[in-house]
Amino acid sequence: MKNFTLFFAALLISSIGFAQETEATQEKPQGHYNISKFRQLKQELPTPNTYRTASGAPGHEYYQQKADYKMDIILDDENQRIYGEEVITYFNNSPDNLDYLWVQLDQNIRAPDAITADVKGSGASTMYNPKKFTEEFLGKPFPGGFHIDYVKNAEDGDMDYTVNGTMMRIDLPKVLNSGENVSFKIKWWYNIPNHVIDGGRSGFEHFDDGNNNYVIAQFFPRMAVYNDVEGWQNLQFLGRGEFALVFGDYEVNITTPEDHILDGTGVITNRKKMLSSKQWKRYEQALTSYDNPVVIVTQEEAEENEKKVAKKTKTWNLKAENVRDFAFASSRKYILDGQAVKIGDRTVMAISLYSKEGNPLWEEYSTRVVASTVKSYSAQMFDYPYHKAISVHAQRQGMEYPMICFNFGRPKPDGTYSDRTRNGMIGVIIHEVGHNWFPMIINSDERQWGWMDEGLNTFAQLLAEQDFEPGFPSRGYPKNVVDYMDGDQSRIAPIMTQHDNVFNSGANAYSKPAAGLYILREVVLGHDLFDKAFKTYAERWRFKHPTPADFFRTMEDASGTDLDWFWRGWFYTTDYNDIGIKDIKKYKVTEEPTEKAITLYKRYGMTKEDLEGKYLFLTEMNADEQSEETNTSSFADIGTLKEYLADNFTETERAGLKNTKYFYEIIFEKQGGLVMPILAEITYADGSKENKYYPAEIWRFNDKEVKKVLGSEKEITGIKIDPNQLTSDVNQENNSWPKKEKESKFDSFKKQTISN
């Protein structure tokens, strides 16, 4: 039997040899650090330790602090003011001894002397409502911010404290040693802003009927995070970067006007007392209604409440365990409905609060969307651990807290609404309910890494939206970030940028991270590997504080895939993807040694005669040959191949081999900085299509240009890269062969003129 080696292997040796020869004749360049797009990112990530492992899991000495709250809150509807007294018990579970504590005072972003407006350099607004104009230019700013009446220790002794903007340092009278806890009291109040006019994540909306809807959050001094990564997370709150918070238990008593309906974080332990007997019976009915929502407080009852203002008050009692925050909503205008949702062996209540201004949109969709979201996210990650999930109707809001979120979406006064309003409402409810997983349970540092909250959630939201309604117009698809990634580089920041310092938060923290995860799932890893890794990350870090490195490492560890090239390009740079087809060459198979082969093998002492009869050669066809049918009609006509097949295959096996007679060399070029797999759709002369997938690693040794040789039984008539726009390729003009000629403006005008 004669030795047989296809010339493809020799082609590689040839290219290496010629490269070495060329280098020998040129001046040697200076040495350099590793600039490969595939260099290991692990060396640049924080060093693994006993707190956080190299696999991305919490280490055996991982710790986190705990803060418990007992609060008495008064909602003053007459003056739009909130009063609070709280006792915080802080547990130092770290190995460090602490001299002081840091507390967040988020409402101080609205204090008259806040730096919030001073750090903005955007110039004049397009328009001002009279209230904002008065505050900004007429010397009457909104009197916002916390008023701290006192900070006392457990024995009612005054404690030293210093307010620095939205942070307050409490100096401890003695060191809080590792393993110890300390209790202290804070009494405070502040004026509640009108969030519809002043913006922000909480406040009240005033209606023409004289009533208010309150969505109250960031309303109490809250402990900052202390951990192994940063020490104290005490960055100032500037409005965008959200909150790094500590898990703990809450006991909260909220006093409201007697005619208010309220819900919030935790179990309402006296709910039966707060509702009428009819409403309580409806609530009990809702606990077993798995198919449709049950209206607990009807629109008629809410409208009756609106007609008068109660002089008396009542106090709602709420308790929550192992949550990182607390929020509530309250109004005499609220309609309340609920639906039971089966999650594992538990029943979760999907609840909505909304005024009549939200109908008919809210009664039709809100609670159903909440129920669908809880099911979808539970399937993606882990079962929803809380007993309820609440959606509250609030104009110009989209914000999340444990068990409760505030969402926009309002019909016109006549009750009609557009598809945009409907879809916007559904999307924001899914997004905000989904935040229960990111970051309420998987508790990342939002102020540092907004994408770990918004981006991961936007990706999960996309899948949940399709579960709710296939074909829903979701954001987060790779094609939706093309314009952003192809935009002005001076206005783009890497995803791995502190959240307050990115130019376009919507694209940078929401859409681009989500699109990246979609690419990983659909293109790089596939559903099985990705879903297992994503679920592993969620389960490892539920009720803990993960970092970006924990996410990157877990995704690689659980999928068994080196993704350093992806994290570096997509998250650490502003590079974009632009892969095109540079050229396509047609080849024919011959037994006659080519000059290139002869030159190569002469170096090894071989002659032309040594090559003949042992190898096959692919030689490029000239223009005349390409226009004729000169390709081999059958591999059986090639003597060397025919002899090899006869010696190594049975007749039956030979009959099953492909009759490959068309050969093409495709030259792919990468004009963008991002590394991506190549997705090529091949179209044949008979109209059939075939998809070719080349992993991103194809670019390891040449970051600009790679070649692939295809052998086919059928003639290729077209090739298109990324036909379904799965890789955020910013330039579609170089993605096709034959190249599509771009229609000129004149031709387009001429067509329109003729058609008219």
# chains A, B, ... in the order shown; residues from 1 in each chain; ligands from 1
>>> select_by_dssp(residues="stretch 406-474 of chain A", states="alpha helix (DSSP H)", output="JSON, numbers by chain")
{"A": [419, 420, 421, 422, 423, 424, 425, 426, 427, 428, 429, 430, 431, 432, 433, 434, 450, 451, 452, 453, 454, 455, 456, 457, 458, 459, 460, 461, 462, 463, 464, 465, 466, 467, 468]}
>>> select_by_dssp(residues="stretch 240-300 of chain A", states="strand (DSSP E or B)", output="PyMOL selection string")
chain A and resi 248-257+261-264+267-268+294-297
>>> write_last_selection(atoms="C-alpha atoms", output="PDB file, in the first residue's frame")
ATOM      1  CA  GLY A 248     -30.692  41.099  57.571  1.00  0.00           C
ATOM      2  CA  ASP A 249     -34.043  40.695  59.293  1.00  0.00           C
ATOM      3  CA  TYR A 250     -36.678  43.442  59.499  1.00  0.00           C
ATOM      4  CA  GLU A 251     -39.523  44.285  61.854  1.00  0.00           C
ATOM      5  CA  VAL A 252     -41.302  47.373  60.531  1.00  0.00           C
ATOM      6  CA  ASN A 253     -44.434  49.126  61.794  1.00  0.00           C
ATOM      7  CA  ILE A 254     -45.856  51.674  59.331  1.00  0.00           C
ATOM      8  CA  THR A 255     -48.567  54.114  60.392  1.00  0.00           C
ATOM      9  CA  THR A 256     -50.721  55.449  57.533  1.00  0.00           C
ATOM     10  CA  PRO A 257     -54.080  57.153  57.175  1.00  0.00           C
ATOM     11  CA  ILE A 261     -54.057  50.259  51.307  1.00  0.00           C
ATOM     12  CA  LEU A 262     -50.412  49.251  51.770  1.00  0.00           C
ATOM     13  CA  ASP A 263     -48.059  46.446  50.825  1.00  0.00           C
ATOM     14  CA  GLY A 264     -44.324  46.059  50.979  1.00  0.00           C
ATOM     15  CA  VAL A 267     -45.159  39.364  55.619  1.00  0.00           C
ATOM     16  CA  ILE A 268     -47.976  41.675  56.726  1.00  0.00           C
ATOM     17  CA  VAL A 294     -58.769  37.765  42.197  1.00  0.00           C
ATOM     18  CA  VAL A 295     -59.618  41.418  42.832  1.00  0.00           C
ATOM     19  CA  ILE A 296     -59.253  41.934  46.586  1.00  0.00           C
ATOM     20  CA  VAL A 297     -59.853  45.695  46.817  1.00  0.00           C
TER      21      VAL A 297
END
>>> residues_around(residues="stretch 414-421 of chain A", least_positions_apart="4", cutoff="8 Å", atoms="only C-alpha atoms", output="number ranges by chain")
A: 359-361, 409-410, 425
>>> closest_residue(among="A:Lys707, A:His545, A:Arg282, A:Lys692", to="A:Lys720", atoms="only C-alpha atoms")
A:Lys692
>>> closest_atom_pairs(of="stretch 526-595 of chain A", to="stretch 56-74 of chain A", cutoff="10 Å", atoms="only C-alpha atoms", output="tab-separated table")
residue	atom	partner	partner_atom	distance
A:Thr536	CA	A:Ala57	CA	9.2
A:Tyr537	CA	A:Ala57	CA	8.0
A:Glu539	CA	A:Ala57	CA	9.8
A:Arg540	CA	A:Ala57	CA	6.2
A:Trp541	CA	A:Pro58	CA	7.6
A:Phe543	CA	A:Gln64	CA	9.8
A:Lys544	CA	A:Gln64	CA	7.4
A:His545	CA	A:Gln64	CA	7.7
A:Pro546	CA	A:Pro58	CA	8.4
A:Thr547	CA	A:Gly56	CA	9.2
A:Pro548	CA	A:Gly56	CA	9.5
A:Ala549	CA	A:Gly56	CA	7.0
A:Asp550	CA	A:Gly56	CA	4.3
A:Phe551	CA	A:Gly56	CA	6.5
A:Phe552	CA	A:Gly56	CA	7.3
A:Arg553	CA	A:Gly56	CA	4.6
A:Thr554	CA	A:Gly56	CA	4.4
A:Met555	CA	A:Gly56	CA	8.1
A:Glu556	CA	A:Gly56	CA	8.7
A:Asp557	CA	A:Gly56	CA	7.3
A:Ala558	CA	A:Gly56	CA	9.3
